Amino acid sequence: MKVLALYSLKGGVGKTTAAVNLAYLAAQSGARTLLWDLDPQGASSYYLRVADKVKGGRKILHQTDLLEAAIRGTDWPLLDLLPADLSYRNLEIELNAERKRNDPLAESIRHLRHDYDYLVLDCPPGISRLSESIFACADLVLVPTIPTVLAMRTLKRVIDFRKKHGLTKSRLRAFFSMADQRKRMHKELMARIDQMQPLMFDVRVPQLSEVELMGEYRAPLHTYRPGGRAAVAFDALWDKIVALFYPQGGEE
Amino acid sequence: MGSDQAVSTDCDDGGSMRRNHLFFDPSATVADIAAVGTLLGKRFLPLQEAAEGVWELFDTPDWALWQAGMDLQRSTVVADSQCQLRDCRVGLLLGTLPTNLPDFVWQLPPSPLRQRLTPVWGVRAMLAQVQFGEGGRQWALRNDAGKLLATAHYRYFYLLDGKMLGGWLQIEPCRGYHRSVEPVLQRLGKHKRWQSQQGVLSAQLLAAAGVTPAPPQMVSFRLQRRMSAAGAVQAMMAHQITIMRQQQVGMVDAIDSEFLHRYRIAVRRIRSLLKLAQPLMPPELYDPATAFFRMLGGLTTPARDSDVCLLNFVTGRGWIPAAALPHLTLLRARLESERNQAYQALRQVLLTSDYLRGLQRLERWDVSDDCTALGTQHAVLFITNAVQKQYRRLVRKGKRIHTQSPDNDLHALRKEGKRLRYTLDCFAGLFPASEVQGALRQLKQLQERLGDFQDLCVQEERLRAQQASLDISEQEVGALLLQVADGMTEQRQQLREEFSSSFHRFLKPKKGHTLAKLCAGKRGGKE
């Protein structure tokens with residue numbers, strides 16, 4: 001099982017949008033996929049029409065039967081969801097109580113590894129003990145980054161944090177999210193993408209109303225605007241992720 | 001289920017059950033679709049209108065996927081454009097893949113699904129093992145938020161001659177929403193026409209068609225050290241003939257090059273076994289059998305050579321530079337035409353009664369009637385002696401190879417190695433497993449090197465022949481072909497020059513001297 005975490009220190013950068021669409025694309029590629037909504041806001045759960053409530057709350061991290069029972073099938077084949085729960089706001093307490101060696105999040109992920117090919121984590125914003133756990137157990141941490149100075153600064157802080165805490169096991173990549181070609185700063189920052197290799201995927205998810213419509217349709221972009229610019233950008237992003245996970249010819 | 005019956009809105013399931021429910025109506029008719037819709041109740045809304053199509057189950061000739069716990073099915077009613085890979089024991093969907101059968105695995109992009117499928121032996125050679133006519137309709141149960149809770153799929157199946165097999169209603173709850181369908185399940189349980197079924201739909205359809213998803217009946221025998229030499233060789237030849245028969249369907253229908261490849265291996269093994277059996281067999285059986293299998297070997301060679309060249313084109317492997325590939329379309333078209341002709345010639349022979357008689361003659365060899373004194377010797381003694389002789393011949397010929405040796409010497413050495421390998425492969429059961437495996441590994445390394453050399457010879461010869469047959473207008477392509485062929489000559493010479501050292505490594509491997517130890521024959525002598 002490959003674990004992909006959508007993470008950012010900053011809120012409102014398009015983590016949930018990316019998580020839902022990438023999970024959908026993973027399932028569409030024929031792979032068994034689980035999207036875990038770790039954000040107590042429950043936006044991924046909302047997008048997939050599943051109630052953001054989990055029996056047992058954050059106890060699912062310790063009880064595998066509760067964890068399995070909490071999983072919900074979505075409207076799309078091969079795509080399941082572990083919904084959000086308000087009790088996740090106290091996830092830090094749960095993680096802090098344990099030693100790093102007994103990371104309950106890592107244990108839960110290990111328990112799921114035979115049931116799914118991909119696990120997509122929709123992480124809450126912030127930098128905390130949960131972030132450390134995510135960096136420790138994800139194969140790839142993907143940071144959506146708005147092409148602004150502040151967002152780039154945030155990305156740098158994430159990189160520094162990862163390095164400082166020795167969390168370099170997982171790979172870290174970023175991509176431009178909510179990009180607006182009409183804005184000078186966006187254009188200029190995106191033009192410098194060559195200097196940001198290999199950290200930055202050469203993908204720009206545009207800021208478009210069709211992306212915002214996900215909240216109205218409560219479905220992934222591809223289901224209602226399959227050939228749209230945003231959907232095409234997510235296709236390209238997914239291709240890059242797969243290429244990173246499975247380099248050509250490397251898996252045979 | 002009527003509208004008065006409550007449908008839970010969310011998270012209604014405490015357990016992690018992931019079970020589909022299957023009901024069977026043996027007396028189903030096409031008109032039952034409407035009745036099923038009424039039975040399900042108003043909450044189930046049509047997800048897909050009534051449709052007719054074809055249902056197919058794909059697997060390798062020896063049911064490798066099924067044996068690995070998976071089934072690959074395609075239904076033009078459910079989704080025309082994709083196959084569904086399911087767990088054949090519980091029916092759970094494991095993956096979906098595009099319908100570019102039969103060679104879908106090699107067209108799948110790198111993915112977990114591809115990883116899961118690739119190790120399944122022979123998975124690329126797929127056949128539609130079962131085919132039915134199908135009709136049906138699908139309904140969906142949703143909650144107030146519009147979330148899909150379950151699907152109900154009514155499907156009736158009929159044989160392609162029109163005979164109805166019955167109707168199946170599959171209730172598939174989304175994970176975590178099992179309780180939503182309980183009222184419907186209760187209603188169906190009480191209904192006199194519907195029978196609750198254990199197991200999965202694909203297994204039931206196979207049973208209805210009278211198909212057993214298991215490898216075809218193999219010759220059942222167990223090699224024993226003290227069995228007669230003639231008995232062991234005869235049983236092994238019958239076993240190889242069964243393998244040949246299994247591959248014939250795929251060759252006649254030109255499904256995949258893998259069928260021909262396995263067929264040729266079986267033919268070669270029989271030829272090798274015949275050579276072993278010469279002192280054991282009466283000449284009136286030995287001579288025609290040798291001629292027959294030599295003919296089969298020769299007949300399959302052009303088809304296999306074309307397959308190898310085309311496979312190298314497809315994958316970009318081998319010695320054709322990647323940059324040259326796009327320019328070689330002309331050659332590719334010619335190779336394809338040659339391959340089609342070779343397969344056509346092969347098909348004509350496979351369908352003749354002479355061919356069947358040739359196989360049966362060898363299968364019916366009665367060792368008790370025809371056996372010579374040597375044939376009654378214990379199998380282990382006879383095979384050990386044969387292995388020793390083959391090994392000594394291989395070493396003698398290998399030591400004679402030098403940097404100027406002609407191609408034929410290397411080819412002869414390869415054939416010698418193959419004979420030894422086939423004998424060890426076939427009669428591995430007579431020796432300790434660890435020793436045989438080590439010996440085969442050692443031999444395989446040498447054979448691969450010689451195989452590369454032979455592939456280069458064949459491909460180079462073909463390219464030069466193609467170049468010679470080109471028109472003046474195709475000079476550009478001709479020059480390219482010559483360039484590729486010259487590159488192959490260089491590669492060939494390099495392999496030849498390196499051969500002495502690789503043969504030395506073969507004779508004295510770092511990890512013990514397994515093959516020489518096995519061929520020392522002390523074990524056989526003690527018997």
# chains A, B, ... in the order shown; residues from 1 in each chain; ligands from 1

call {"tool": "interface_residues", "arguments": {"of": "chain A", "to": "chain B", "cutoff": "6 Å", "atoms": "only C-alpha atoms", "output": "PDB file with N, CA and C atoms, in the first residue's frame"}}
result
ATOM      1  N   GLY A  30      -8.131   1.646 -11.159  1.00  0.00           N
ATOM      2  CA  GLY A  30      -8.323   0.224 -10.896  1.00  0.00           C
ATOM      3  C   GLY A  30      -7.758  -0.211  -9.562  1.00  0.00           C
ATOM      4  N   ALA A  31      -7.324   0.748  -8.730  1.00  0.00           N
ATOM      5  CA  ALA A  31      -6.692   0.383  -7.458  1.00  0.00           C
ATOM      6  C   ALA A  31      -7.656   0.590  -6.291  1.00  0.00           C
ATOM      7  N   ARG A  49     -20.395  12.882   0.522  1.00  0.00           N
ATOM      8  CA  ARG A  49     -21.748  12.657   1.056  1.00  0.00           C
ATOM      9  C   ARG A  49     -21.810  11.685   2.223  1.00  0.00           C
ATOM     10  N   GLU A  68     -12.074  -0.543  11.309  1.00  0.00           N
ATOM     11  CA  GLU A  68     -12.670  -1.197  10.133  1.00  0.00           C
ATOM     12  C   GLU A  68     -14.148  -0.860  10.001  1.00  0.00           C
ATOM     13  N   ALA A  69     -14.821  -0.796  11.155  1.00  0.00           N
ATOM     14  CA  ALA A  69     -16.261  -0.519  11.111  1.00  0.00           C
ATOM     15  C   ALA A  69     -16.552   0.909  10.662  1.00  0.00           C
ATOM     16  N   ARG A  72     -16.419   3.651   5.195  1.00  0.00           N
ATOM     17  CA  ARG A  72     -17.661   3.736   4.416  1.00  0.00           C
ATOM     18  C   ARG A  72     -17.340   3.637   2.928  1.00  0.00           C
ATOM     19  N   GLY A  73     -18.155   2.897   2.229  1.00  0.00           N
ATOM     20  CA  GLY A  73     -18.022   2.860   0.776  1.00  0.00           C
ATOM     21  C   GLY A  73     -18.553   4.160   0.196  1.00  0.00           C
ATOM     22  N   ASP A  75     -19.773   6.399  -3.520  1.00  0.00           N
ATOM     23  CA  ASP A  75     -20.591   6.111  -4.710  1.00  0.00           C
ATOM     24  C   ASP A  75     -19.759   5.521  -5.844  1.00  0.00           C
ATOM     25  N   TYR A 246       5.949   4.381  -8.955  1.00  0.00           N
ATOM     26  CA  TYR A 246       6.307   3.231  -9.805  1.00  0.00           C
ATOM     27  C   TYR A 246       7.133   3.706 -11.000  1.00  0.00           C
TER      28      TYR A 246
END

call {"tool": "residues_around", "arguments": {"residues": "Arg113 (chain A)", "least_positions_apart": "5", "cutoff": "10 Å", "atoms": "only C-alpha atoms", "output": "count of residues only"}}
result
6

call {"tool": "closest_residue", "arguments": {"among": "A:Lys183, A:Arg58, A:Leu150, A:Arg129", "to": "Arg162 (chain A)", "atoms": "only C-alpha atoms"}}
result
A:Arg129

call {"tool": "residues_around", "arguments": {"residues": "Ile146 (chain A)", "least_positions_apart": "2", "cutoff": "7 Å", "atoms": "only C-alpha atoms", "output": "list of chain:residue names"}}
result
A:Val13, A:Pro144, A:Thr148, A:Ala151, A:Phe176, A:Ser177, A:Met178, A:Ala179

call {"tool": "write_last_selection", "arguments": {"atoms": "N, CA, C and O atoms", "output": "PDB file, in the first residue's frame"}}
result
ATOM      1  N   VAL A  13      -5.625  25.925   1.189  1.00  0.00           N
ATOM      2  CA  VAL A  13      -4.733  25.912   0.026  1.00  0.00           C
ATOM      3  C   VAL A  13      -5.162  24.868  -1.016  1.00  0.00           C
ATOM      4  O   VAL A  13      -4.542  24.759  -2.077  1.00  0.00           O
ATOM      5  N   PRO A 144       0.088  21.221  -1.330  1.00  0.00           N
ATOM      6  CA  PRO A 144      -0.464  22.188  -2.279  1.00  0.00           C
ATOM      7  C   PRO A 144       0.016  23.586  -1.884  1.00  0.00           C
ATOM      8  O   PRO A 144      -0.037  23.939  -0.705  1.00  0.00           O
ATOM      9  N   THR A 148       2.130  32.347  -3.934  1.00  0.00           N
ATOM     10  CA  THR A 148       2.299  33.658  -3.294  1.00  0.00           C
ATOM     11  C   THR A 148       3.523  33.590  -2.388  1.00  0.00           C
ATOM     12  O   THR A 148       3.971  32.490  -2.035  1.00  0.00           O
ATOM     13  N   ALA A 151       2.834  31.772   0.969  1.00  0.00           N
ATOM     14  CA  ALA A 151       2.676  30.324   0.840  1.00  0.00           C
ATOM     15  C   ALA A 151       4.026  29.658   0.595  1.00  0.00           C
ATOM     16  O   ALA A 151       4.294  28.566   1.123  1.00  0.00           O
ATOM     17  N   PHE A 176       1.653  23.660  -7.490  1.00  0.00           N
ATOM     18  CA  PHE A 176       0.952  24.945  -7.407  1.00  0.00           C
ATOM     19  C   PHE A 176      -0.553  24.703  -7.426  1.00  0.00           C
ATOM     20  O   PHE A 176      -1.077  24.018  -8.302  1.00  0.00           O
ATOM     21  N   SER A 177      -1.204  25.268  -6.426  1.00  0.00           N
ATOM     22  CA  SER A 177      -2.641  25.102  -6.283  1.00  0.00           C
ATOM     23  C   SER A 177      -3.296  26.483  -6.335  1.00  0.00           C
ATOM     24  O   SER A 177      -2.663  27.473  -5.977  1.00  0.00           O
ATOM     25  N   MET A 178      -4.534  26.517  -6.748  1.00  0.00           N
ATOM     26  CA  MET A 178      -5.313  27.769  -6.816  1.00  0.00           C
ATOM     27  C   MET A 178      -4.559  28.843  -7.599  1.00  0.00           C
ATOM     28  O   MET A 178      -4.539  30.015  -7.213  1.00  0.00           O
ATOM     29  N   ALA A 179      -3.924  28.402  -8.660  1.00  0.00           N
ATOM     30  CA  ALA A 179      -3.097  29.329  -9.448  1.00  0.00           C
ATOM     31  C   ALA A 179      -3.975  30.206 -10.344  1.00  0.00           C
ATOM     32  O   ALA A 179      -4.910  29.716 -10.968  1.00  0.00           O
TER      33      ALA A 179
END

call {"tool": "residues_around", "arguments": {"residues": "Leu65 (chain B)", "least_positions_apart": "3", "cutoff": "10 Å", "atoms": "only C-alpha atoms", "output": "ChimeraX atom specification"}}
result
/B:58-62,68-72,85,87-88,117,120-123,126,213

call {"tool": "select_by_dssp", "arguments": {"residues": "region 83-205 of chain A", "states": "strand (DSSP E or B)", "output": "PyMOL selection string"}}
result
chain A and resi 118-122+140-145+171-179+200-205

call {"tool": "residues_around", "arguments": {"residues": "Val141 (chain A)", "least_positions_apart": "2", "cutoff": "12 Å", "atoms": "only C-alpha atoms", "output": "ChimeraX atom specification"}}
result
/A:2-8,15,19,119-123,131-139,143-144,155,158-159,162,167-175,199-200,241,244

call {"tool": "residues_around", "arguments": {"residues": "region 386-396 of chain B", "least_positions_apart": "3", "cutoff": "8 Å", "atoms": "only C-alpha atoms", "output": "list in words"}}
result
Leu276, Phe382, Ile383, Lys399, Arg400, Leu413, Glu416, Gly417, Arg419, Leu420, Thr423, Leu424, Leu507, Ala516, Cys519, Ala520 and Gly521 of chain B

call {"tool": "closest_residue", "arguments": {"among": "A:Leu38, A:Ala219, A:Ala43, A:Leu91", "to": "Gly12 (chain A)", "atoms": "only C-alpha atoms"}}
result
A:Ala43

call {"tool": "decode", "arguments": {"residues": "region 74-90 of chain B", "atoms": "all heavy atoms", "output": "mmCIF file, in the first residue's frame"}}
result
data_model
loop_
_atom_site.group_PDB
_atom_site.id
_atom_site.type_symbol
_atom_site.label_atom_id
_atom_site.label_comp_id
_atom_site.auth_asym_id
_atom_site.auth_seq_id
_atom_site.Cartn_x
_atom_site.Cartn_y
_atom_site.Cartn_z
ATOM 1 N N ARG B 74 -16.077 -9.592 -17.828
ATOM 2 C CA ARG B 74 -16.513 -8.405 -18.570
ATOM 3 C C ARG B 74 -17.983 -8.573 -18.882
ATOM 4 O O ARG B 74 -18.413 -9.629 -19.341
ATOM 5 C CB ARG B 74 -15.727 -8.250 -19.856
ATOM 6 C CG ARG B 74 -16.281 -7.118 -20.733
ATOM 7 C CD ARG B 74 -15.389 -6.760 -21.867
ATOM 8 N NE ARG B 74 -15.125 -7.873 -22.755
ATOM 9 C CZ ARG B 74 -14.359 -7.780 -23.835
ATOM 10 N NH1 ARG B 74 -13.763 -6.645 -24.119
ATOM 11 N NH2 ARG B 74 -14.159 -8.813 -24.623
ATOM 12 N N SER B 75 -18.734 -7.523 -18.608
ATOM 13 C CA SER B 75 -20.146 -7.557 -18.943
ATOM 14 C C SER B 75 -20.454 -6.314 -19.758
ATOM 15 O O SER B 75 -20.203 -5.201 -19.299
ATOM 16 C CB SER B 75 -20.970 -7.557 -17.658
ATOM 17 O OG SER B 75 -22.287 -7.182 -17.955
ATOM 18 N N THR B 76 -20.977 -6.513 -20.937
ATOM 19 C CA THR B 76 -21.294 -5.331 -21.743
ATOM 20 C C THR B 76 -22.525 -4.628 -21.195
ATOM 21 O O THR B 76 -22.815 -3.500 -21.565
ATOM 22 C CB THR B 76 -21.507 -5.709 -23.221
ATOM 23 O OG1 THR B 76 -22.483 -6.724 -23.296
ATOM 24 C CG2 THR B 76 -20.229 -6.184 -23.860
ATOM 25 N N VAL B 77 -23.257 -5.284 -20.274
ATOM 26 C CA VAL B 77 -24.407 -4.626 -19.642
ATOM 27 C C VAL B 77 -23.925 -3.717 -18.513
ATOM 28 O O VAL B 77 -24.380 -2.588 -18.361
ATOM 29 C CB VAL B 77 -25.391 -5.690 -19.091
ATOM 30 C CG1 VAL B 77 -26.483 -5.030 -18.272
ATOM 31 C CG2 VAL B 77 -25.984 -6.486 -20.229
ATOM 32 N N VAL B 78 -22.986 -4.207 -17.733
ATOM 33 C CA VAL B 78 -22.519 -3.423 -16.572
ATOM 34 C C VAL B 78 -21.576 -2.299 -17.017
ATOM 35 O O VAL B 78 -21.797 -1.136 -16.725
ATOM 36 C CB VAL B 78 -21.803 -4.341 -15.553
ATOM 37 C CG1 VAL B 78 -21.275 -3.541 -14.381
ATOM 38 C CG2 VAL B 78 -22.751 -5.414 -15.052
ATOM 39 N N ALA B 79 -20.512 -2.649 -17.682
ATOM 40 C CA ALA B 79 -19.558 -1.626 -18.159
ATOM 41 C C ALA B 79 -18.837 -2.190 -19.369
ATOM 42 O O ALA B 79 -18.021 -3.091 -19.236
ATOM 43 C CB ALA B 79 -18.569 -1.280 -17.058
ATOM 44 N N ASP B 80 -19.155 -1.651 -20.484
ATOM 45 C CA ASP B 80 -18.638 -2.172 -21.745
ATOM 46 C C ASP B 80 -17.125 -1.998 -21.862
ATOM 47 O O ASP B 80 -16.423 -2.809 -22.438
ATOM 48 C CB ASP B 80 -19.345 -1.416 -22.874
ATOM 49 C CG ASP B 80 -19.114 -2.092 -24.201
ATOM 50 O OD1 ASP B 80 -18.624 -3.236 -24.195
ATOM 51 O OD2 ASP B 80 -19.414 -1.480 -25.221
ATOM 52 N N SER B 81 -16.643 -0.905 -21.265
ATOM 53 C CA SER B 81 -15.271 -0.507 -21.549
ATOM 54 C C SER B 81 -14.243 -1.085 -20.588
ATOM 55 O O SER B 81 -13.078 -0.789 -20.690
ATOM 56 C CB SER B 81 -15.183 1.013 -21.520
ATOM 57 O OG SER B 81 -15.572 1.449 -20.245
ATOM 58 N N GLN B 82 -14.696 -1.853 -19.613
ATOM 59 C CA GLN B 82 -13.707 -2.357 -18.673
ATOM 60 C C GLN B 82 -14.020 -3.757 -18.157
ATOM 61 O O GLN B 82 -15.144 -4.203 -18.193
ATOM 62 C CB GLN B 82 -13.554 -1.395 -17.495
ATOM 63 C CG GLN B 82 -14.808 -1.249 -16.668
ATOM 64 C CD GLN B 82 -14.673 -0.151 -15.642
ATOM 65 O OE1 GLN B 82 -13.958 0.812 -15.839
ATOM 66 N NE2 GLN B 82 -15.357 -0.295 -14.532
ATOM 67 N N CYS B 83 -12.969 -4.400 -17.702
ATOM 68 C CA CYS B 83 -13.110 -5.707 -17.067
ATOM 69 C C CYS B 83 -13.067 -5.485 -15.561
ATOM 70 O O CYS B 83 -12.410 -4.566 -15.090
ATOM 71 C CB CYS B 83 -11.944 -6.599 -17.431
ATOM 72 S SG CYS B 83 -12.064 -7.280 -19.048
ATOM 73 N N GLN B 84 -13.740 -6.354 -14.853
ATOM 74 C CA GLN B 84 -13.677 -6.270 -13.398
ATOM 75 C C GLN B 84 -12.906 -7.460 -12.870
ATOM 76 O O GLN B 84 -13.193 -8.594 -13.245
ATOM 77 C CB GLN B 84 -15.092 -6.291 -12.809
ATOM 78 C CG GLN B 84 -15.870 -5.031 -13.119
ATOM 79 C CD GLN B 84 -17.170 -4.972 -12.330
ATOM 80 O OE1 GLN B 84 -17.736 -5.990 -11.960
ATOM 81 N NE2 GLN B 84 -17.637 -3.760 -12.084
ATOM 82 N N LEU B 85 -11.951 -7.161 -12.031
ATOM 83 C CA LEU B 85 -11.192 -8.224 -11.385
ATOM 84 C C LEU B 85 -11.795 -8.394 -9.997
ATOM 85 O O LEU B 85 -11.846 -7.440 -9.223
ATOM 86 C CB LEU B 85 -9.718 -7.828 -11.282
ATOM 87 C CG LEU B 85 -8.798 -8.897 -10.727
ATOM 88 C CD1 LEU B 85 -8.527 -9.969 -11.776
ATOM 89 C CD2 LEU B 85 -7.484 -8.304 -10.278
ATOM 90 N N ARG B 86 -12.307 -9.599 -9.718
ATOM 91 C CA ARG B 86 -12.962 -9.822 -8.427
ATOM 92 C C ARG B 86 -12.308 -10.967 -7.675
ATOM 93 O O ARG B 86 -11.687 -11.831 -8.274
ATOM 94 C CB ARG B 86 -14.450 -10.136 -8.632
ATOM 95 C CG ARG B 86 -15.263 -8.909 -8.994
ATOM 96 C CD ARG B 86 -16.729 -9.230 -9.149
ATOM 97 N NE ARG B 86 -17.486 -8.036 -9.481
ATOM 98 C CZ ARG B 86 -18.088 -7.249 -8.588
ATOM 99 N NH1 ARG B 86 -18.035 -7.551 -7.310
ATOM 100 N NH2 ARG B 86 -18.740 -6.170 -8.968
ATOM 101 N N ASP B 87 -12.505 -10.939 -6.391
ATOM 102 C CA ASP B 87 -12.094 -12.082 -5.578
ATOM 103 C C ASP B 87 -13.111 -13.183 -5.860
ATOM 104 O O ASP B 87 -14.309 -12.989 -5.641
ATOM 105 C CB ASP B 87 -12.133 -11.652 -4.097
ATOM 106 C CG ASP B 87 -11.665 -12.749 -3.178
ATOM 107 O OD1 ASP B 87 -12.090 -13.900 -3.387
ATOM 108 O OD2 ASP B 87 -10.901 -12.464 -2.252
ATOM 109 N N CYS B 88 -12.661 -14.328 -6.353
ATOM 110 C CA CYS B 88 -13.627 -15.327 -6.798
ATOM 111 C C CYS B 88 -14.203 -16.133 -5.633
ATOM 112 O O CYS B 88 -15.044 -16.992 -5.846
ATOM 113 C CB CYS B 88 -13.034 -16.232 -7.872
ATOM 114 S SG CYS B 88 -11.728 -17.295 -7.277
ATOM 115 N N ARG B 89 -13.767 -15.845 -4.414
ATOM 116 C CA ARG B 89 -14.347 -16.567 -3.275
ATOM 117 C C ARG B 89 -15.432 -15.766 -2.583
ATOM 118 O O ARG B 89 -16.414 -16.317 -2.114
ATOM 119 C CB ARG B 89 -13.242 -16.913 -2.277
ATOM 120 C CG ARG B 89 -12.281 -17.936 -2.867
ATOM 121 C CD ARG B 89 -11.128 -18.274 -1.972
ATOM 122 N NE ARG B 89 -10.104 -18.937 -2.767
ATOM 123 C CZ ARG B 89 -8.925 -18.437 -3.047
ATOM 124 N NH1 ARG B 89 -8.591 -17.257 -2.611
ATOM 125 N NH2 ARG B 89 -8.064 -19.106 -3.773
ATOM 126 N N VAL B 90 -15.259 -14.439 -2.530
ATOM 127 C CA VAL B 90 -16.291 -13.625 -1.881
ATOM 128 C C VAL B 90 -16.919 -12.604 -2.822
ATOM 129 O O VAL B 90 -17.880 -11.923 -2.453
ATOM 130 C CB VAL B 90 -15.750 -12.902 -0.616
ATOM 131 C CG1 VAL B 90 -15.478 -13.883 0.492
ATOM 132 C CG2 VAL B 90 -14.514 -12.113 -0.931
#
